[in-house]
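Q: Dropping in data-v3.cif, with mmCIF, C-alpha atoms and all ligand atoms.
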```cif
data_structure
#
loop_
_atom_site.group_PDB
_atom_site.id
_atom_site.type_symbol
_atom_site.label_atom_id
_atom_site.label_comp_id
_atom_site.auth_asym_id
_atom_site.auth_seq_id
_atom_site.Cartn_x
_atom_site.Cartn_y
_atom_site.Cartn_z
ATOM 1 C CA MET C 29 -151.290 -16.624 -133.801
ATOM 2 C CA SER C 30 -153.108 -19.978 -133.677
ATOM 3 C CA ASN C 31 -155.922 -18.635 -131.501
ATOM 4 C CA GLN C 32 -156.658 -15.853 -133.992
ATOM 5 C CA LYS C 33 -160.160 -15.809 -135.486
ATOM 6 C CA TYR C 34 -160.678 -15.105 -139.161
ATOM 7 C CA ILE C 35 -163.731 -14.420 -141.261
ATOM 8 C CA ILE C 36 -163.870 -14.357 -145.032
ATOM 9 C CA LEU C 37 -166.168 -11.897 -146.756
ATOM 10 C CA ASP C 38 -167.157 -11.544 -150.359
ATOM 11 C CA ARG C 39 -167.213 -7.868 -151.340
ATOM 12 C CA ASP C 40 -169.911 -6.930 -153.879
ATOM 13 C CA GLY C 41 -173.416 -7.634 -152.591
ATOM 14 C CA VAL C 42 -172.100 -8.270 -149.080
ATOM 15 C CA ILE C 43 -170.046 -5.254 -147.950
ATOM 16 C CA ASN C 44 -171.126 -2.900 -150.725
ATOM 17 C CA VAL C 45 -174.166 -2.648 -152.980
ATOM 18 C CA ASP C 46 -173.779 -4.877 -156.026
ATOM 19 C CA LEU C 47 -174.537 -2.609 -158.970
ATOM 20 C CA PHE C 48 -175.121 -5.679 -161.169
ATOM 21 C CA ASP C 49 -172.235 -4.132 -163.002
ATOM 22 C CA TYR C 50 -168.622 -3.613 -161.928
ATOM 23 C CA VAL C 51 -167.594 -1.085 -159.311
ATOM 24 C CA THR C 52 -164.599 0.540 -160.998
ATOM 25 C CA LYS C 53 -164.521 3.892 -159.183
ATOM 26 C CA PRO C 54 -164.601 4.795 -155.488
ATOM 27 C CA ILE C 55 -167.636 7.027 -156.138
ATOM 28 C CA ASP C 56 -169.641 3.959 -157.211
ATOM 29 C CA PHE C 57 -168.805 2.110 -154.001
ATOM 30 C CA LYS C 58 -171.820 2.264 -151.657
ATOM 31 C CA PHE C 59 -171.807 0.335 -148.410
ATOM 32 C CA GLU C 60 -174.756 -1.986 -147.858
ATOM 33 C CA GLU C 61 -177.029 -0.823 -145.057
ATOM 34 C CA GLY C 62 -175.445 -1.797 -141.744
ATOM 35 C CA SER C 63 -172.297 -3.280 -143.260
ATOM 36 C CA LEU C 64 -169.929 -0.753 -141.664
ATOM 37 C CA ASP C 65 -171.491 -1.524 -138.272
ATOM 38 C CA ALA C 66 -171.152 -5.230 -139.045
ATOM 39 C CA LEU C 67 -167.427 -4.851 -139.732
ATOM 40 C CA SER C 68 -166.987 -2.905 -136.485
ATOM 41 C CA LEU C 69 -168.839 -5.611 -134.561
ATOM 42 C CA LEU C 70 -166.533 -8.234 -136.074
ATOM 43 C CA SER C 71 -163.466 -6.261 -135.055
ATOM 44 C CA GLU C 72 -164.829 -5.753 -131.529
ATOM 45 C CA ASN C 73 -165.199 -9.524 -131.338
ATOM 46 C CA ASN C 74 -161.598 -10.030 -132.458
ATOM 47 C CA PHE C 75 -162.312 -11.347 -135.922
ATOM 48 C CA ASN C 76 -159.632 -10.679 -138.507
ATOM 49 C CA ILE C 77 -161.399 -9.732 -141.740
ATOM 50 C CA VAL C 78 -160.256 -11.182 -145.050
ATOM 51 C CA VAL C 79 -162.018 -10.137 -148.273
ATOM 52 C CA ALA C 80 -162.065 -12.501 -151.259
ATOM 53 C CA THR C 81 -163.490 -10.984 -154.422
ATOM 54 C CA ASN C 82 -163.849 -11.956 -158.078
ATOM 55 C CA GLN C 83 -163.182 -8.959 -160.325
ATOM 56 C CA ALA C 84 -163.410 -10.248 -163.884
ATOM 57 C CA CYS C 85 -163.621 -6.614 -165.012
ATOM 58 C CA ILE C 86 -159.815 -6.569 -164.951
ATOM 59 C CA SER C 87 -159.394 -9.446 -167.391
ATOM 60 C CA LEU C 88 -162.278 -8.099 -169.476
ATOM 61 C CA GLY C 89 -160.399 -4.812 -169.833
ATOM 62 C CA LEU C 90 -163.173 -2.790 -168.179
ATOM 63 C CA ALA C 91 -160.923 -1.641 -165.358
ATOM 64 C CA SER C 92 -157.218 -1.773 -164.594
ATOM 65 C CA LYS C 93 -155.763 -3.561 -161.578
ATOM 66 C CA ASP C 94 -154.791 -0.110 -160.325
ATOM 67 C CA GLU C 95 -158.380 1.169 -160.540
ATOM 68 C CA ILE C 96 -159.661 -1.835 -158.586
ATOM 69 C CA ASP C 97 -156.894 -1.322 -156.013
ATOM 70 C CA LYS C 98 -158.106 2.275 -155.630
ATOM 71 C CA VAL C 99 -161.671 1.094 -154.991
ATOM 72 C CA ASN C 100 -160.387 -1.356 -152.381
ATOM 73 C CA SER C 101 -158.217 1.304 -150.735
ATOM 74 C CA HIS C 102 -161.261 3.551 -150.535
ATOM 75 C CA MET C 103 -163.230 0.743 -148.869
ATOM 76 C CA LYS C 104 -160.412 0.083 -146.390
ATOM 77 C CA GLN C 105 -160.145 3.772 -145.513
ATOM 78 C CA LYS C 106 -163.901 4.147 -144.881
ATOM 79 C CA VAL C 107 -163.877 0.984 -142.780
ATOM 80 C CA LYS C 108 -160.933 2.335 -140.789
ATOM 81 C CA GLU C 109 -162.735 5.639 -140.199
ATOM 82 C CA HIS C 110 -165.645 3.596 -138.829
ATOM 83 C CA GLY C 111 -163.387 1.916 -136.280
ATOM 84 C CA SER C 112 -162.777 -1.412 -137.961
ATOM 85 C CA LYS C 113 -160.029 -2.921 -140.061
ATOM 86 C CA ILE C 114 -159.859 -5.115 -143.132
ATOM 87 C CA LEU C 115 -156.763 -7.232 -142.651
ATOM 88 C CA HIS C 116 -156.323 -8.510 -146.179
ATOM 89 C CA ILE C 117 -157.950 -8.439 -149.619
ATOM 90 C CA GLU C 118 -157.531 -11.087 -152.311
ATOM 91 C CA VAL C 119 -158.686 -10.284 -155.846
ATOM 92 C CA CYS C 120 -159.195 -12.703 -158.730
ATOM 93 C CA PRO C 121 -158.711 -10.585 -161.872
ATOM 94 C CA HIS C 122 -159.706 -13.374 -164.278
ATOM 95 C CA LYS C 123 -162.809 -14.057 -166.310
ATOM 96 C CA PRO C 124 -164.409 -17.542 -166.348
ATOM 97 C CA GLU C 125 -162.750 -18.508 -169.668
ATOM 98 C CA ASP C 126 -159.309 -17.872 -168.168
ATOM 99 C CA ASP C 127 -159.894 -21.083 -166.178
ATOM 100 C CA CYS C 128 -157.735 -19.848 -163.311
ATOM 101 C CA GLU C 129 -157.345 -21.437 -159.911
ATOM 102 C CA CYS C 130 -158.453 -18.357 -158.011
ATOM 103 C CA ARG C 131 -161.869 -17.437 -159.380
ATOM 104 C CA LYS C 132 -164.528 -18.524 -156.893
ATOM 105 C CA PRO C 133 -165.960 -21.200 -156.584
ATOM 106 C CA ARG C 134 -162.334 -22.341 -156.800
ATOM 107 C CA THR C 135 -160.354 -21.828 -153.623
ATOM 108 C CA GLY C 136 -157.152 -20.181 -154.885
ATOM 109 C CA LEU C 137 -157.949 -16.857 -153.231
ATOM 110 C CA LEU C 138 -158.180 -18.574 -149.857
ATOM 111 C CA HIS C 139 -154.927 -20.472 -150.450
ATOM 112 C CA GLN C 140 -153.220 -17.219 -151.436
ATOM 113 C CA ALA C 141 -154.486 -15.474 -148.305
ATOM 114 C CA GLU C 142 -153.313 -18.386 -146.149
ATOM 115 C CA LYS C 143 -149.887 -18.292 -147.756
ATOM 116 C CA THR C 144 -149.521 -14.524 -147.466
ATOM 117 C CA LEU C 145 -150.728 -14.360 -143.863
ATOM 118 C CA GLY C 146 -149.325 -17.695 -142.676
ATOM 119 C CA ILE C 147 -152.728 -18.850 -141.443
ATOM 120 C CA ASN C 148 -155.315 -21.588 -141.903
ATOM 121 C CA LEU C 149 -158.814 -20.525 -142.915
ATOM 122 C CA ALA C 150 -160.512 -23.933 -142.650
ATOM 123 C CA GLY C 151 -163.335 -23.744 -140.122
ATOM 124 C CA SER C 152 -163.790 -19.992 -140.547
ATOM 125 C CA TYR C 153 -167.066 -18.326 -141.460
ATOM 126 C CA PHE C 154 -167.424 -17.230 -145.078
ATOM 127 C CA VAL C 155 -170.150 -14.725 -145.961
ATOM 128 C CA GLY C 156 -171.266 -14.385 -149.577
ATOM 129 C CA ASP C 157 -174.240 -13.651 -151.803
ATOM 130 C CA LYS C 158 -173.568 -16.010 -154.716
ATOM 131 C CA PHE C 159 -173.659 -19.767 -154.964
ATOM 132 C CA SER C 160 -169.995 -19.655 -155.973
ATOM 133 C CA ASP C 161 -169.262 -18.213 -152.502
ATOM 134 C CA VAL C 162 -171.127 -21.089 -150.834
ATOM 135 C CA GLN C 163 -169.312 -23.637 -153.014
ATOM 136 C CA CYS C 164 -165.927 -22.025 -152.345
ATOM 137 C CA ALA C 165 -166.614 -22.029 -148.602
ATOM 138 C CA LEU C 166 -167.608 -25.689 -148.565
ATOM 139 C CA ALA C 167 -164.660 -26.712 -150.747
ATOM 140 C CA HIS C 168 -162.314 -25.098 -148.232
ATOM 141 C CA LYS C 169 -164.116 -26.478 -145.169
ATOM 142 C CA CYS C 170 -165.361 -23.043 -144.174
ATOM 143 C CA LYS C 171 -168.840 -22.330 -142.779
ATOM 144 C CA PRO C 172 -170.971 -20.752 -145.500
ATOM 145 C CA LEU C 173 -173.361 -17.927 -144.639
ATOM 146 C CA LEU C 174 -175.530 -16.590 -147.454
ATOM 147 C CA VAL C 175 -176.895 -13.059 -147.356
ATOM 148 C CA LYS C 176 -180.015 -11.966 -149.237
ATOM 149 C CA THR C 177 -178.425 -8.717 -150.389
ATOM 150 C CA GLY C 178 -176.784 -8.489 -153.821
ATOM 151 C CA TYR C 179 -177.408 -11.714 -155.727
ATOM 152 C CA GLY C 180 -178.623 -13.443 -152.560
ATOM 153 C CA GLU C 181 -182.319 -13.675 -153.446
ATOM 154 C CA ILE C 182 -181.435 -14.917 -156.949
ATOM 155 C CA THR C 183 -179.062 -17.475 -155.438
ATOM 156 C CA LEU C 184 -181.793 -18.732 -153.111
ATOM 157 C CA LYS C 185 -184.190 -19.084 -156.022
ATOM 158 C CA ASN C 186 -181.830 -20.901 -158.365
ATOM 159 C CA HIS C 187 -179.662 -23.129 -156.187
ATOM 160 C CA ASP C 188 -179.794 -25.674 -153.410
ATOM 161 C CA THR C 189 -178.490 -23.560 -150.569
ATOM 162 C CA SER C 190 -179.400 -26.020 -147.813
ATOM 163 C CA GLN C 191 -175.780 -26.206 -146.671
ATOM 164 C CA ALA C 192 -175.631 -22.483 -145.962
ATOM 165 C CA GLN C 193 -177.244 -20.469 -143.193
ATOM 166 C CA VAL C 194 -179.238 -17.596 -144.642
ATOM 167 C CA PHE C 195 -179.408 -14.029 -143.317
ATOM 168 C CA GLU C 196 -180.962 -10.749 -144.425
ATOM 169 C CA ASN C 197 -177.625 -8.984 -144.684
ATOM 170 C CA LEU C 198 -174.075 -8.830 -143.339
ATOM 171 C CA LEU C 199 -175.182 -7.171 -140.112
ATOM 172 C CA SER C 200 -177.666 -9.908 -139.222
ATOM 173 C CA ALA C 201 -175.115 -12.589 -140.166
ATOM 174 C CA THR C 202 -172.548 -10.841 -137.989
ATOM 175 C CA LYS C 203 -174.901 -10.563 -135.038
ATOM 176 C CA PHE C 204 -175.465 -14.327 -135.290
ATOM 177 C CA ILE C 205 -171.729 -15.003 -135.418
ATOM 178 C CA CYS C 206 -170.947 -12.723 -132.487
ATOM 179 C CA GLN C 207 -173.880 -13.660 -130.260
HETATM 180 MG MG MG K 1 -170.921 -10.958 -154.330
HETATM 181 ZN ZN ZN K 2 -158.396 -15.933 -160.939
#
```
Can you turn what I pasted into structure tokens?
A:
Amino acid sequence: MSNQKYIILDRDGVINVDLFDYVTKPIDFKFEEGSLDALSLLSENNFNIVVATNQACISLGLASKDEIDKVNSHMKQKVKEHGSKILHIEVCPHKPEDDCECRKPRTGLLHQAEKTLGINLAGSYFVGDKFSDVQCALAHKCKPLLVKTGYGEITLKNHDTSQAQVFENLLSATKFICQ
């Protein structure tokens, strides 16, 4: 398993359109343009896809864990129908005040994925749209890629993103990775 390649993806604003609100129902889950093709390209290039997503809506009582699981199952099914596969999804259900170890920019989600899968994610690419994704990637010795979709443009405006490579969207980031 040591020669396996892994890539970590944020969900909202990377794989699907960030509604600037929570996606609590499958019907509200819209793939970003080209993201299904991006996931297929990753699979064709033997990347194992791990999703790490903050979903404070659970702790805030706006959605149940079960509802978020349903949204993620819907995503997985659509990705499967498109010829790709999401290996694993880690969800932080907490809000910032919960001060948990898993909410990005903290790295608990990556540690949990490593423990569950028996892998090491250091050195892997990590694609996100928020500064917290970039910080999480760097803290875990992953390679941060920032996409301009979702909060990406806002992130570029408000933070020093010089340590991340910037791409229009997941598909262009993926093409770079797989070139
Ligand atoms: Mg995001
Ligand atoms: Zn958490």
Q: Within 6 Å of ligand ZN 2 (chain K), counting only C-alpha atoms and all ligand atoms, which protein or nucleic acid residues do you find, written as a list in words?
A: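 Within the 6 Å cut-off, the matching residues are Cys120, Pro121, His122, Cys128, Glu129, Cys130 and Arg131 of chain C.
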Q: Check which residues fall inside 7 Å of ligand MG 1 (chain K) when counting all atoms listed in the file, and print them as an NGL selection string.
A: :C and (38-42 or 46 or 156-158 or 178-179)
Q: May I ask which of the residues C:Cys170, C:Cys206, C:Leu115, C:Val45 is the closest one to Leu70 of chain C, counting only C-alpha atoms?
A: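 Closest to Leu70 of chain C of all the choices is C:Cys206.
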Q: Given all atoms listed in the file as the basis, pick out the residue of C:Thr81, C:Ile114, C:Thr183, C:Asp94 nearest to Arg134 of chain C.
A: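 Closest candidate: C:Thr81.
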Q: Please measure the separation of atom CA of Gly180 of chain C and atom CA of His116 of chain C, giving the value in Å to one decimal.
A: 23.7 Å
Q: One number please: atom CA of Phe154 of chain C to atom CA of Gln32 of chain C, in Å, one decimal.
A: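 Separation between atom CA of Phe154 of chain C and atom CA of Gln32 of chain C: 15.5 Å.
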Q: Starting from the PyMOL selection byres (((chain C and resi 98) around 12) and not hetatm), expand the selection into actual residues of this file and give them as a PDB file with C-alpha atoms, keeping the file's coordinate frame.
A:
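After the write, result_37.pdb holds the following:
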```pdb
ATOM      1  CA  VAL C  51    -167.594  -1.085-159.311  1.00  0.00           C
ATOM      2  CA  THR C  52    -164.599   0.540-160.998  1.00  0.00           C
ATOM      3  CA  LYS C  53    -164.521   3.892-159.183  1.00  0.00           C
ATOM      4  CA  PRO C  54    -164.601   4.795-155.488  1.00  0.00           C
ATOM      5  CA  ILE C  55    -167.636   7.027-156.138  1.00  0.00           C
ATOM      6  CA  ASP C  56    -169.641   3.959-157.211  1.00  0.00           C
ATOM      7  CA  PHE C  57    -168.805   2.110-154.001  1.00  0.00           C
ATOM      8  CA  ALA C  91    -160.923  -1.641-165.358  1.00  0.00           C
ATOM      9  CA  SER C  92    -157.218  -1.773-164.594  1.00  0.00           C
ATOM     10  CA  LYS C  93    -155.763  -3.561-161.578  1.00  0.00           C
ATOM     11  CA  ASP C  94    -154.791  -0.110-160.325  1.00  0.00           C
ATOM     12  CA  GLU C  95    -158.380   1.169-160.540  1.00  0.00           C
ATOM     13  CA  ILE C  96    -159.661  -1.835-158.586  1.00  0.00           C
ATOM     14  CA  ASP C  97    -156.894  -1.322-156.013  1.00  0.00           C
ATOM     15  CA  VAL C  99    -161.671   1.094-154.991  1.00  0.00           C
ATOM     16  CA  ASN C 100    -160.387  -1.356-152.381  1.00  0.00           C
ATOM     17  CA  SER C 101    -158.217   1.304-150.735  1.00  0.00           C
ATOM     18  CA  HIS C 102    -161.261   3.551-150.535  1.00  0.00           C
ATOM     19  CA  MET C 103    -163.230   0.743-148.869  1.00  0.00           C
ATOM     20  CA  LYS C 104    -160.412   0.083-146.390  1.00  0.00           C
ATOM     21  CA  GLN C 105    -160.145   3.772-145.513  1.00  0.00           C
TER      22      GLN C 105
END
```
Q: What's the separation between atom CA of Phe204 of chain C and atom CA of Tyr34 of chain C, in Å to one decimal place?
A: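 Taking atom CA of Phe204 of chain C as the start and atom CA of Tyr34 of chain C as the end point, the length is 15.3 Å.
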Q: Which residue is closest to Phe75 of chain C? Choose from C:Leu198, C:Ile43, C:Leu90, C:Ile36 and count all atoms listed in the file.
A: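 Of C:Leu198, C:Ile43, C:Leu90, C:Ile36, the one nearest Phe75 of chain C is C:Ile36, counting all atoms listed in the file.
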Q: Could you write out as a PyMOL selection string the residues that the PyMOL selection byres (((chain C and resi 152) around 9) and not hetatm) matches in the shown file?
A: chain C and resi 33-36+148-151+153-154+165+169-172
